[in-house]
>>> print(open('query05.pdb').read())   # PDB, C-alpha atoms, pLDDT in the B column
ATOM      1  CA  MET K   1      -5.810  68.533   6.534  1.00 95.00           C
ATOM      2  CA  ILE K   2      -2.520  66.643   6.503  1.00 98.00           C
ATOM      3  CA  LEU K   3      -0.316  66.475   3.421  1.00 98.00           C
ATOM      4  CA  ARG K   4       2.002  63.491   3.190  1.00 98.00           C
ATOM      5  CA  ALA K   5       3.582  61.046   0.778  1.00 98.00           C
ATOM      6  CA  ALA K   6       1.228  58.392  -0.551  1.00 98.00           C
ATOM      7  CA  THR K   7       1.745  54.870   0.762  1.00 98.00           C
ATOM      8  CA  GLU K   8       0.530  51.429  -0.217  1.00 98.00           C
ATOM      9  CA  ASP K   9      -2.178  51.759   2.451  1.00 98.00           C
ATOM     10  CA  ASP K  10      -3.709  54.620   0.408  1.00 98.00           C
ATOM     11  CA  THR K  11      -4.034  52.662  -2.819  1.00 98.00           C
ATOM     12  CA  GLU K  12      -7.713  51.709  -2.546  1.00 98.00           C
ATOM     13  CA  ALA K  13      -8.718  55.306  -1.739  1.00 98.00           C
ATOM     14  CA  LEU K  14      -6.553  56.651  -4.578  1.00 98.00           C
ATOM     15  CA  ALA K  15      -8.093  54.179  -7.010  1.00 98.00           C
ATOM     16  CA  ALA K  16     -11.629  55.078  -5.880  1.00 98.00           C
ATOM     17  CA  ILE K  17     -10.971  58.787  -6.483  1.00 98.00           C
ATOM     18  CA  TYR K  18      -9.426  58.102  -9.873  1.00 98.00           C
ATOM     19  CA  ASP K  19     -12.219  55.701 -10.834  1.00 98.00           C
ATOM     20  CA  HIS K  20     -14.773  58.452 -10.174  1.00 97.00           C
ATOM     21  CA  HIS K  21     -12.942  60.812 -12.542  1.00 97.00           C
ATOM     22  CA  VAL K  22     -12.595  58.096 -15.186  1.00 98.00           C
ATOM     23  CA  LEU K  23     -16.326  57.409 -15.094  1.00 97.00           C
ATOM     24  CA  HIS K  24     -17.643  60.961 -14.716  1.00 96.00           C
ATOM     25  CA  GLY K  25     -15.068  63.470 -15.911  1.00 95.00           C
ATOM     26  CA  PHE K  26     -12.566  64.478 -18.544  1.00 95.00           C
ATOM     27  CA  GLY K  27      -9.461  64.886 -16.367  1.00 92.00           C
ATOM     28  CA  THR K  28      -8.263  61.561 -17.695  1.00 95.00           C
ATOM     29  CA  PHE K  29      -8.955  59.967 -21.042  1.00 96.00           C
ATOM     30  CA  GLU K  30      -9.235  56.482 -19.558  1.00 96.00           C
ATOM     31  CA  LEU K  31     -12.601  54.988 -20.445  1.00 97.00           C
ATOM     32  CA  GLU K  32     -12.678  52.171 -17.881  1.00 97.00           C
ATOM     33  CA  PRO K  33     -11.321  52.352 -14.320  1.00 97.00           C
ATOM     34  CA  PRO K  34      -7.945  50.601 -14.341  1.00 97.00           C
ATOM     35  CA  GLY K  35      -8.232  49.304 -10.766  1.00 95.00           C
ATOM     36  CA  VAL K  36      -6.295  49.086  -7.544  1.00 98.00           C
ATOM     37  CA  ALA K  37      -3.310  47.100  -8.873  1.00 98.00           C
ATOM     38  CA  TRP K  38      -2.763  49.668 -11.625  1.00 98.00           C
ATOM     39  CA  MET K  39      -2.905  52.520  -9.091  1.00 98.00           C
ATOM     40  CA  GLU K  40      -0.396  50.817  -6.809  1.00 98.00           C
ATOM     41  CA  ALA K  41       1.967  50.286  -9.746  1.00 98.00           C
ATOM     42  CA  LYS K  42       1.534  53.974 -10.696  1.00 98.00           C
ATOM     43  CA  ARG K  43       2.354  55.106  -7.146  1.00 98.00           C
ATOM     44  CA  ARG K  44       5.410  52.857  -6.952  1.00 98.00           C
ATOM     45  CA  ASP K  45       6.639  54.012 -10.376  1.00 97.00           C
ATOM     46  CA  ILE K  46       6.258  57.709  -9.549  1.00 97.00           C
ATOM     47  CA  GLN K  47       7.986  57.388  -6.197  1.00 97.00           C
ATOM     48  CA  GLY K  48      10.589  55.081  -7.745  1.00 96.00           C
ATOM     49  CA  TYR K  49      11.642  57.967  -9.996  1.00 96.00           C
ATOM     50  CA  GLY K  50      12.147  60.025  -6.851  1.00 96.00           C
ATOM     51  CA  LEU K  51       9.143  62.173  -7.740  1.00 98.00           C
ATOM     52  CA  PRO K  52       6.423  63.351  -5.360  1.00 98.00           C
ATOM     53  CA  PHE K  53       3.077  61.623  -4.923  1.00 98.00           C
ATOM     54  CA  VAL K  54       1.205  63.602  -2.258  1.00 98.00           C
ATOM     55  CA  VAL K  55      -2.099  62.829  -0.571  1.00 98.00           C
ATOM     56  CA  ALA K  56      -4.341  65.113   1.464  1.00 98.00           C
ATOM     57  CA  GLU K  57      -5.874  63.379   4.439  1.00 98.00           C
ATOM     58  CA  LEU K  58      -8.408  64.453   7.024  1.00 97.00           C
ATOM     59  CA  GLY K  59      -9.511  62.146   9.803  1.00 95.00           C
ATOM     60  CA  ARG K  60      -7.760  59.198   8.132  1.00 93.00           C
ATOM     61  CA  LYS K  61      -9.723  59.783   4.917  1.00 97.00           C
ATOM     62  CA  VAL K  62      -7.876  60.543   1.687  1.00 98.00           C
ATOM     63  CA  LEU K  63      -9.475  63.643   0.162  1.00 98.00           C
ATOM     64  CA  GLY K  64      -7.329  63.860  -2.937  1.00 98.00           C
ATOM     65  CA  TYR K  65      -3.874  63.559  -4.367  1.00 98.00           C
ATOM     66  CA  ALA K  66      -1.378  65.026  -6.789  1.00 98.00           C
ATOM     67  CA  TYR K  67       1.827  63.767  -8.294  1.00 98.00           C
ATOM     68  CA  ALA K  68       4.464  64.600 -10.863  1.00 98.00           C
ATOM     69  CA  GLY K  69       5.448  62.019 -13.437  1.00 98.00           C
ATOM     70  CA  PRO K  70       7.958  62.003 -16.261  1.00 97.00           C
ATOM     71  CA  PHE K  71       6.773  64.219 -19.124  1.00 96.00           C
ATOM     72  CA  ARG K  72       8.177  62.016 -21.890  1.00 95.00           C
ATOM     73  CA  PRO K  73      10.375  58.888 -21.714  1.00 92.00           C
ATOM     74  CA  ARG K  74      13.443  60.172 -23.566  1.00 94.00           C
ATOM     75  CA  PRO K  75      16.402  61.445 -21.498  1.00 94.00           C
ATOM     76  CA  GLY K  76      16.341  64.914 -23.055  1.00 95.00           C
ATOM     77  CA  TYR K  77      13.100  65.544 -21.145  1.00 96.00           C
ATOM     78  CA  ARG K  78      14.590  64.609 -17.753  1.00 97.00           C
ATOM     79  CA  PHE K  79      14.145  68.119 -16.282  1.00 97.00           C
ATOM     80  CA  THR K  80      10.442  68.338 -17.173  1.00 98.00           C
ATOM     81  CA  VAL K  81       7.551  66.611 -15.419  1.00 98.00           C
ATOM     82  CA  GLU K  82       3.796  66.457 -15.929  1.00 98.00           C
ATOM     83  CA  ASP K  83       1.503  67.014 -12.982  1.00 98.00           C
ATOM     84  CA  SER K  84      -1.727  65.204 -12.157  1.00 98.00           C
ATOM     85  CA  VAL K  85      -4.239  66.181  -9.486  1.00 98.00           C
ATOM     86  CA  TYR K  86      -7.481  64.463  -8.475  1.00 98.00           C
ATOM     87  CA  VAL K  87      -9.910  65.317  -5.678  1.00 98.00           C
ATOM     88  CA  ALA K  88     -12.629  63.140  -4.144  1.00 98.00           C
ATOM     89  CA  PRO K  89     -16.075  64.331  -5.246  1.00 97.00           C
ATOM     90  CA  ASP K  90     -17.106  65.182  -1.671  1.00 96.00           C
ATOM     91  CA  ALA K  91     -13.941  67.254  -1.131  1.00 96.00           C
ATOM     92  CA  VAL K  92     -14.156  69.515  -4.202  1.00 95.00           C
ATOM     93  CA  GLY K  93     -13.912  73.216  -3.363  1.00 94.00           C
ATOM     94  CA  ARG K  94     -12.108  72.673  -0.048  1.00 95.00           C
ATOM     95  CA  GLY K  95      -8.580  73.562  -1.195  1.00 97.00           C
ATOM     96  CA  VAL K  96      -7.421  69.964  -1.570  1.00 98.00           C
ATOM     97  CA  GLY K  97      -6.257  70.326  -5.176  1.00 97.00           C
ATOM     98  CA  ARG K  98      -4.388  73.539  -4.441  1.00 98.00           C
ATOM     99  CA  ALA K  99      -2.692  72.125  -1.338  1.00 98.00           C
ATOM    100  CA  THR K 100      -1.564  68.865  -2.926  1.00 98.00           C
ATOM    101  CA  LEU K 101      -0.410  70.446  -6.185  1.00 98.00           C
ATOM    102  CA  ALA K 102       1.482  73.215  -4.340  1.00 98.00           C
ATOM    103  CA  ALA K 103       3.287  70.549  -2.301  1.00 98.00           C
ATOM    104  CA  VAL K 104       4.190  68.671  -5.484  1.00 98.00           C
ATOM    105  CA  LEU K 105       5.522  71.858  -7.089  1.00 98.00           C
ATOM    106  CA  ASP K 106       7.632  72.634  -4.021  1.00 98.00           C
ATOM    107  CA  GLN K 107       9.134  69.142  -4.081  1.00 98.00           C
ATOM    108  CA  CYS K 108       9.831  69.351  -7.815  1.00 98.00           C
ATOM    109  CA  ALA K 109      11.595  72.686  -7.327  1.00 97.00           C
ATOM    110  CA  ALA K 110      13.657  71.240  -4.467  1.00 96.00           C
ATOM    111  CA  ARG K 111      14.700  68.402  -6.779  1.00 95.00           C
ATOM    112  CA  GLY K 112      16.079  70.914  -9.289  1.00 96.00           C
ATOM    113  CA  LEU K 113      13.522  70.318 -12.019  1.00 97.00           C
ATOM    114  CA  ARG K 114      12.953  73.121 -14.547  1.00 98.00           C
ATOM    115  CA  GLN K 115       9.472  72.742 -16.051  1.00 98.00           C
ATOM    116  CA  VAL K 116       6.126  71.359 -14.970  1.00 98.00           C
ATOM    117  CA  VAL K 117       3.584  70.716 -17.697  1.00 98.00           C
ATOM    118  CA  ALA K 118      -0.150  70.369 -17.137  1.00 98.00           C
ATOM    119  CA  VAL K 119      -2.219  68.474 -19.693  1.00 98.00           C
ATOM    120  CA  ILE K 120      -5.778  69.342 -18.687  1.00 97.00           C
ATOM    121  CA  GLY K 121      -8.608  67.344 -20.169  1.00 95.00           C
ATOM    122  CA  ASP K 122     -11.449  69.502 -21.512  1.00 95.00           C
ATOM    123  CA  SER K 123     -11.009  73.176 -22.321  1.00 93.00           C
ATOM    124  CA  GLY K 124     -14.211  73.719 -20.332  1.00 92.00           C
ATOM    125  CA  ASN K 125     -12.535  72.473 -17.132  1.00 93.00           C
ATOM    126  CA  ALA K 126     -12.469  75.914 -15.498  1.00 94.00           C
ATOM    127  CA  ALA K 127     -11.621  74.525 -12.058  1.00 94.00           C
ATOM    128  CA  SER K 128      -8.401  72.814 -13.179  1.00 96.00           C
ATOM    129  CA  VAL K 129      -7.353  75.657 -15.472  1.00 97.00           C
ATOM    130  CA  GLY K 130      -8.016  78.139 -12.656  1.00 97.00           C
ATOM    131  CA  LEU K 131      -6.101  76.047 -10.137  1.00 97.00           C
ATOM    132  CA  HIS K 132      -3.078  75.867 -12.389  1.00 98.00           C
ATOM    133  CA  ARG K 133      -3.200  79.607 -13.167  1.00 98.00           C
ATOM    134  CA  ALA K 134      -3.436  80.382  -9.442  1.00 98.00           C
ATOM    135  CA  LEU K 135      -0.242  78.382  -8.896  1.00 98.00           C
ATOM    136  CA  GLY K 136       1.675  80.224 -11.616  1.00 98.00           C
ATOM    137  CA  PHE K 137       1.090  78.103 -14.698  1.00 98.00           C
ATOM    138  CA  GLN K 138       0.798  79.894 -18.020  1.00 98.00           C
ATOM    139  CA  ASP K 139      -1.212  78.893 -21.062  1.00 97.00           C
ATOM    140  CA  ALA K 140       0.853  76.963 -23.599  1.00 97.00           C
ATOM    141  CA  GLY K 141      -1.870  76.004 -26.074  1.00 97.00           C
ATOM    142  CA  VAL K 142      -4.967  73.955 -26.750  1.00 98.00           C
ATOM    143  CA  PHE K 143      -5.116  70.769 -28.779  1.00 97.00           C
ATOM    144  CA  ARG K 144      -8.636  70.691 -30.168  1.00 98.00           C
ATOM    145  CA  ASP K 145     -10.755  67.540 -30.347  1.00 98.00           C
ATOM    146  CA  VAL K 146      -7.918  65.102 -29.614  1.00 97.00           C
ATOM    147  CA  GLY K 147      -9.906  62.818 -27.317  1.00 97.00           C
ATOM    148  CA  PHE K 148     -13.332  61.234 -27.508  1.00 97.00           C
ATOM    149  CA  LYS K 149     -15.102  60.469 -24.255  1.00 97.00           C
ATOM    150  CA  HIS K 150     -18.660  60.480 -22.924  1.00 96.00           C
ATOM    151  CA  GLY K 151     -20.013  60.844 -26.451  1.00 97.00           C
ATOM    152  CA  ARG K 152     -18.130  63.974 -27.445  1.00 97.00           C
ATOM    153  CA  TRP K 153     -14.824  65.302 -28.675  1.00 98.00           C
ATOM    154  CA  VAL K 154     -12.604  66.705 -25.954  1.00 97.00           C
ATOM    155  CA  ASP K 155      -9.782  69.246 -26.089  1.00 97.00           C
ATOM    156  CA  ILE K 156      -6.688  69.268 -23.929  1.00 97.00           C
ATOM    157  CA  VAL K 157      -5.349  72.480 -22.472  1.00 98.00           C
ATOM    158  CA  MET K 158      -1.581  72.662 -22.180  1.00 98.00           C
ATOM    159  CA  MET K 159      -0.123  74.802 -19.390  1.00 98.00           C
ATOM    160  CA  GLN K 160       3.425  75.201 -18.171  1.00 98.00           C
ATOM    161  CA  LYS K 161       5.226  76.453 -15.065  1.00 98.00           C
ATOM    162  CA  PRO K 162       8.962  77.095 -14.983  1.00 98.00           C
ATOM    163  CA  LEU K 163      10.890  76.175 -11.849  1.00 97.00           C
ATOM    164  CA  ASN K 164      14.383  77.213 -10.757  1.00 96.00           C
ATOM    165  CA  GLY K 165      14.803  79.713 -13.587  1.00 96.00           C
ATOM    166  CA  GLY K 166      13.232  77.425 -16.181  1.00 96.00           C
ATOM    167  CA  GLY K 167      15.066  77.583 -19.485  1.00 95.00           C
ATOM    168  CA  ALA K 168      17.011  80.721 -18.541  1.00 96.00           C
ATOM    169  CA  THR K 169      19.618  78.716 -16.623  1.00 91.00           C
ATOM    170  CA  LEU K 170      21.418  75.443 -17.070  1.00 94.00           C
ATOM    171  CA  PRO K 171      20.340  72.484 -14.920  1.00 92.00           C
ATOM    172  CA  ASP K 172      22.383  71.802 -11.829  1.00 88.00           C
ATOM    173  CA  GLY K 173      21.323  68.217 -11.090  1.00 87.00           C
ATOM    174  CA  PRO K 174      20.623  64.931 -12.810  1.00 92.00           C
ATOM    175  CA  GLY K 175      16.891  65.404 -13.426  1.00 94.00           C
ATOM    176  CA  VAL K 176      14.596  62.396 -13.499  1.00 95.00           C
ATOM    177  CA  SER K 177      16.276  59.083 -14.224  1.00 88.00           C
ATOM    178  CA  LEU K 178      13.987  56.796 -16.170  1.00 83.00           C
ATOM    179  CA  GLY K 179      16.031  53.715 -15.599  1.00 70.00           C
TER     180      GLY K 179
END
>>> encode(input="query05.pdb", output="structure tokens")
Amino acid sequence: MILRAATEDDTEALAAIYDHHVLHGFGTFELEPPGVAWMEAKRRDIQGYGLPFVVAELGRKVLGYAYAGPFRPRPGYRFTVEDSVYVAPDAVGRGVGRATLAAVLDQCAARGLRQVVAVIGDSGNAASVGLHRALGFQDAGVFRDVGFKHGRWVDIVMMQKPLNGGGATLPDGPGVSLG
């Protein structure tokens, strides 16, 4: 498995993976797949902020991806990002999520960021919660019944991982510039 930065050539595969999770899961609260153009704009935006967007590839097939995006748009949040990780249905359980998210965390740490927040759809999503715990995230809370998808109310699980000393030290770089 090769880990690398996502490129425009990956966009259709990224969109197909995301579309599957939109239609069949709770990892995103989208109700309709947003399409290839939306995914390409997302990739460009993330990388335009200087943030990582990592794909896992095997035999020229994209198995999954992870990225870090701005947590909130106001400048006071510039040292905090939110992670996202999605794995192709036929690659689940093969370490793709762990590998891509670990690479994203390493790149965020190298950039001098201080907090990574995970907003996990569905408190029953043991795989995502377990992945984040395995990579050092701690529970930060649960927002109950804040989404409605696939005919039921859905919680979100909030988790958090400090980087570079987290809030115990002052930042030593510019953080994420939102424009």
>>> resolve_selection(input="query05.pdb", expression="the PyMOL selection byres ((chain K and resi 13) around 10)", output="PDB file with C-alpha atoms, in the coordinates of the input")
ATOM      1  CA  ASP K   9      -2.178  51.759   2.451  1.00 98.00           C
ATOM      2  CA  ASP K  10      -3.709  54.620   0.408  1.00 98.00           C
ATOM      3  CA  THR K  11      -4.034  52.662  -2.819  1.00 98.00           C
ATOM      4  CA  GLU K  12      -7.713  51.709  -2.546  1.00 98.00           C
ATOM      5  CA  LEU K  14      -6.553  56.651  -4.578  1.00 98.00           C
ATOM      6  CA  ALA K  15      -8.093  54.179  -7.010  1.00 98.00           C
ATOM      7  CA  ALA K  16     -11.629  55.078  -5.880  1.00 98.00           C
ATOM      8  CA  ILE K  17     -10.971  58.787  -6.483  1.00 98.00           C
ATOM      9  CA  TYR K  18      -9.426  58.102  -9.873  1.00 98.00           C
ATOM     10  CA  ASP K  19     -12.219  55.701 -10.834  1.00 98.00           C
ATOM     11  CA  VAL K  36      -6.295  49.086  -7.544  1.00 98.00           C
ATOM     12  CA  MET K  39      -2.905  52.520  -9.091  1.00 98.00           C
ATOM     13  CA  LYS K  61      -9.723  59.783   4.917  1.00 97.00           C
ATOM     14  CA  VAL K  62      -7.876  60.543   1.687  1.00 98.00           C
ATOM     15  CA  LEU K  63      -9.475  63.643   0.162  1.00 98.00           C
ATOM     16  CA  GLY K  64      -7.329  63.860  -2.937  1.00 98.00           C
ATOM     17  CA  TYR K  65      -3.874  63.559  -4.367  1.00 98.00           C
ATOM     18  CA  ALA K  88     -12.629  63.140  -4.144  1.00 98.00           C
TER      19      ALA K  88
END
>>> atom_distance(input="query05.pdb", atom1="CA of Ser123 (chain K)", atom2="CA of Val154 (chain K)")
7.6 Å
>>> resolve_selection(input="query05.pdb", expression="the PyMOL selection byres ((chain K and resi 178) around 7)", output="list in words")
Tyr49, Pro73, Val176, Ser177 and Gly179 of chain K
>>> resolve_selection(input="query05.pdb", expression="the PyMOL selection byres ((chain K and resi 75) around 12)", output="list in words")
Pro70, Phe71, Arg72, Pro73, Arg74, Gly76, Tyr77, Arg78, Phe79, Thr80, Val81, Pro174, Gly175, Val176, Ser177, Leu178 and Gly179 of chain K
>>> atom_distance(input="query05.pdb", atom1="CA of Tyr67 (chain K)", atom2="CA of Arg98 (chain K)")
12.2 Å
>>> atom_distance(input="query05.pdb", atom1="CA of Phe143 (chain K)", atom2="CA of Ile156 (chain K)")
5.3 Å
>>> closest_residue(input="query05.pdb", among="K:Ala68, K:Val22, K:Met1, K:Ala56", to="Gln107 (chain K)", atoms="all atoms listed in the file")
K:Ala68
>>> closest_residue(input="query05.pdb", among="K:Ala41, K:Ala99, K:Leu105, K:Leu113", to="Thr169 (chain K)", atoms="all atoms listed in the file")
K:Leu113
>>> closest_residue(input="query05.pdb", among="K:Arg60, K:Leu3, K:Asp83, K:His24", to="Gly151 (chain K)", atoms="only C-alpha atoms")
K:His24
>>> closest_residue(input="query05.pdb", among="K:Leu58, K:Leu135, K:Val142, K:Leu163", to="Arg114 (chain K)", atoms="all atoms listed in the file")
K:Leu163
>>> closest_residue(input="query05.pdb", among="K:Phe53, K:Phe29, K:Trp153, K:Tyr86", to="Ala127 (chain K)", atoms="only C-alpha atoms")
K:Tyr86
>>> closest_residue(input="query05.pdb", among="K:Asp90, K:Arg43, K:Trp38, K:Ala6", to="His20 (chain K)", atoms="all atoms listed in the file")
K:Asp90
>>> residues_around(input="query05.pdb", residues="Ala140 (chain K)", least_positions_apart="4", cutoff="7 Å", atoms="all atoms listed in the file", output="short mmCIF file (atom, residue, chain, number, x, y, z; two decimals) with C-alpha atoms, in the coordinates of the input")
data_model
loop_
_atom_site.label_atom_id
_atom_site.label_comp_id
_atom_site.auth_asym_id
_atom_site.auth_seq_id
_atom_site.Cartn_x
_atom_site.Cartn_y
_atom_site.Cartn_z
CA MET K 158 -1.58 72.66 -22.18
CA MET K 159 -0.12 74.80 -19.39
CA GLN K 160 3.42 75.20 -18.17
#
>>> decode(input="query05.pdb", residues="region 104-132 of chain K", atoms="N, CA and C atoms", output="PDB file, in the first residue's frame")
ATOM      1  N   VAL K 104      -1.930  11.704   8.091  1.00  0.00           N
ATOM      2  CA  VAL K 104      -2.506  13.045   8.247  1.00  0.00           C
ATOM      3  C   VAL K 104      -2.085  13.648   9.583  1.00  0.00           C
ATOM      4  N   LEU K 105      -2.151  12.869  10.642  1.00  0.00           N
ATOM      5  CA  LEU K 105      -1.751  13.372  11.966  1.00  0.00           C
ATOM      6  C   LEU K 105      -0.289  13.775  11.990  1.00  0.00           C
ATOM      7  N   ASP K 106       0.566  12.968  11.374  1.00  0.00           N
ATOM      8  CA  ASP K 106       1.994  13.307  11.309  1.00  0.00           C
ATOM      9  C   ASP K 106       2.209  14.626  10.570  1.00  0.00           C
ATOM     10  N   GLN K 107       1.498  14.818   9.472  1.00  0.00           N
ATOM     11  CA  GLN K 107       1.659  16.057   8.705  1.00  0.00           C
ATOM     12  C   GLN K 107       1.107  17.265   9.460  1.00  0.00           C
ATOM     13  N   CYS K 108       0.027  17.070  10.195  1.00  0.00           N
ATOM     14  CA  CYS K 108      -0.523  18.162  11.003  1.00  0.00           C
ATOM     15  C   CYS K 108       0.451  18.553  12.118  1.00  0.00           C
ATOM     16  N   ALA K 109       1.062  17.559  12.739  1.00  0.00           N
ATOM     17  CA  ALA K 109       2.044  17.831  13.790  1.00  0.00           C
ATOM     18  C   ALA K 109       3.241  18.582  13.209  1.00  0.00           C
ATOM     19  N   ALA K 110       3.707  18.150  12.037  1.00  0.00           N
ATOM     20  CA  ALA K 110       4.847  18.811  11.401  1.00  0.00           C
ATOM     21  C   ALA K 110       4.526  20.261  11.039  1.00  0.00           C
ATOM     22  N   ARG K 111       3.277  20.548  10.807  1.00  0.00           N
ATOM     23  CA  ARG K 111       2.844  21.912  10.473  1.00  0.00           C
ATOM     24  C   ARG K 111       2.705  22.791  11.713  1.00  0.00           C
ATOM     25  N   GLY K 112       2.823  22.200  12.900  1.00  0.00           N
ATOM     26  CA  GLY K 112       2.746  22.978  14.129  1.00  0.00           C
ATOM     27  C   GLY K 112       1.349  23.129  14.700  1.00  0.00           C
ATOM     28  N   LEU K 113       0.397  22.371  14.163  1.00  0.00           N
ATOM     29  CA  LEU K 113      -0.967  22.466  14.678  1.00  0.00           C
ATOM     30  C   LEU K 113      -1.043  21.889  16.082  1.00  0.00           C
ATOM     31  N   ARG K 114      -2.089  22.260  16.846  1.00  0.00           N
ATOM     32  CA  ARG K 114      -2.159  21.896  18.260  1.00  0.00           C
ATOM     33  C   ARG K 114      -3.291  20.956  18.627  1.00  0.00           C
ATOM     34  N   GLN K 115      -4.353  20.903  17.847  1.00  0.00           N
ATOM     35  CA  GLN K 115      -5.478  20.025  18.175  1.00  0.00           C
ATOM     36  C   GLN K 115      -6.067  19.446  16.893  1.00  0.00           C
ATOM     37  N   VAL K 116      -6.441  18.182  16.965  1.00  0.00           N
ATOM     38  CA  VAL K 116      -7.208  17.559  15.893  1.00  0.00           C
ATOM     39  C   VAL K 116      -8.501  17.066  16.522  1.00  0.00           C
ATOM     40  N   VAL K 117      -9.610  17.442  15.918  1.00  0.00           N
ATOM     41  CA  VAL K 117     -10.925  17.078  16.405  1.00  0.00           C
ATOM     42  C   VAL K 117     -11.545  16.075  15.433  1.00  0.00           C
ATOM     43  N   ALA K 118     -12.151  15.043  15.999  1.00  0.00           N
ATOM     44  CA  ALA K 118     -12.906  14.080  15.194  1.00  0.00           C
ATOM     45  C   ALA K 118     -14.379  14.250  15.527  1.00  0.00           C
ATOM     46  N   VAL K 119     -15.191  14.379  14.500  1.00  0.00           N
ATOM     47  CA  VAL K 119     -16.645  14.450  14.659  1.00  0.00           C
ATOM     48  C   VAL K 119     -17.183  13.199  13.971  1.00  0.00           C
ATOM     49  N   ILE K 120     -17.456  12.176  14.765  1.00  0.00           N
ATOM     50  CA  ILE K 120     -17.783  10.849  14.241  1.00  0.00           C
ATOM     51  C   ILE K 120     -19.293  10.665  14.219  1.00  0.00           C
ATOM     52  N   GLY K 121     -19.820  10.434  13.052  1.00  0.00           N
ATOM     53  CA  GLY K 121     -21.249  10.196  12.915  1.00  0.00           C
ATOM     54  C   GLY K 121     -21.635   8.835  13.458  1.00  0.00           C
ATOM     55  N   ASP K 122     -22.585   8.814  14.370  1.00  0.00           N
ATOM     56  CA  ASP K 122     -23.190   7.621  14.947  1.00  0.00           C
ATOM     57  C   ASP K 122     -22.362   7.081  16.118  1.00  0.00           C
ATOM     58  N   SER K 123     -22.924   7.188  17.301  1.00  0.00           N
ATOM     59  CA  SER K 123     -22.238   6.684  18.492  1.00  0.00           C
ATOM     60  C   SER K 123     -22.058   5.167  18.430  1.00  0.00           C
ATOM     61  N   GLY K 124     -22.753   4.498  17.538  1.00  0.00           N
ATOM     62  CA  GLY K 124     -22.567   3.070  17.337  1.00  0.00           C
ATOM     63  C   GLY K 124     -21.469   2.730  16.346  1.00  0.00           C
ATOM     64  N   ASN K 125     -20.739   3.721  15.848  1.00  0.00           N
ATOM     65  CA  ASN K 125     -19.686   3.510  14.865  1.00  0.00           C
ATOM     66  C   ASN K 125     -18.401   3.071  15.577  1.00  0.00           C
ATOM     67  N   ALA K 126     -18.408   1.824  16.050  1.00  0.00           N
ATOM     68  CA  ALA K 126     -17.289   1.304  16.840  1.00  0.00           C
ATOM     69  C   ALA K 126     -15.972   1.311  16.070  1.00  0.00           C
ATOM     70  N   ALA K 127     -16.023   1.092  14.771  1.00  0.00           N
ATOM     71  CA  ALA K 127     -14.787   1.056  13.983  1.00  0.00           C
ATOM     72  C   ALA K 127     -14.094   2.417  13.988  1.00  0.00           C
ATOM     73  N   SER K 128     -14.837   3.489  13.748  1.00  0.00           N
ATOM     74  CA  SER K 128     -14.229   4.820  13.710  1.00  0.00           C
ATOM     75  C   SER K 128     -13.798   5.274  15.100  1.00  0.00           C
ATOM     76  N   VAL K 129     -14.638   5.027  16.091  1.00  0.00           N
ATOM     77  CA  VAL K 129     -14.258   5.385  17.467  1.00  0.00           C
ATOM     78  C   VAL K 129     -12.997   4.622  17.866  1.00  0.00           C
ATOM     79  N   GLY K 130     -12.953   3.335  17.566  1.00  0.00           N
ATOM     80  CA  GLY K 130     -11.786   2.514  17.892  1.00  0.00           C
ATOM     81  C   GLY K 130     -10.533   2.962  17.165  1.00  0.00           C
ATOM     82  N   LEU K 131     -10.680   3.307  15.899  1.00  0.00           N
ATOM     83  CA  LEU K 131      -9.540   3.818  15.128  1.00  0.00           C
ATOM     84  C   LEU K 131      -8.981   5.069  15.778  1.00  0.00           C
ATOM     85  N   HIS K 132      -9.848   6.000  16.098  1.00  0.00           N
ATOM     86  CA  HIS K 132      -9.383   7.248  16.695  1.00  0.00           C
ATOM     87  C   HIS K 132      -8.738   7.009  18.063  1.00  0.00           C
TER      88      HIS K 132
END
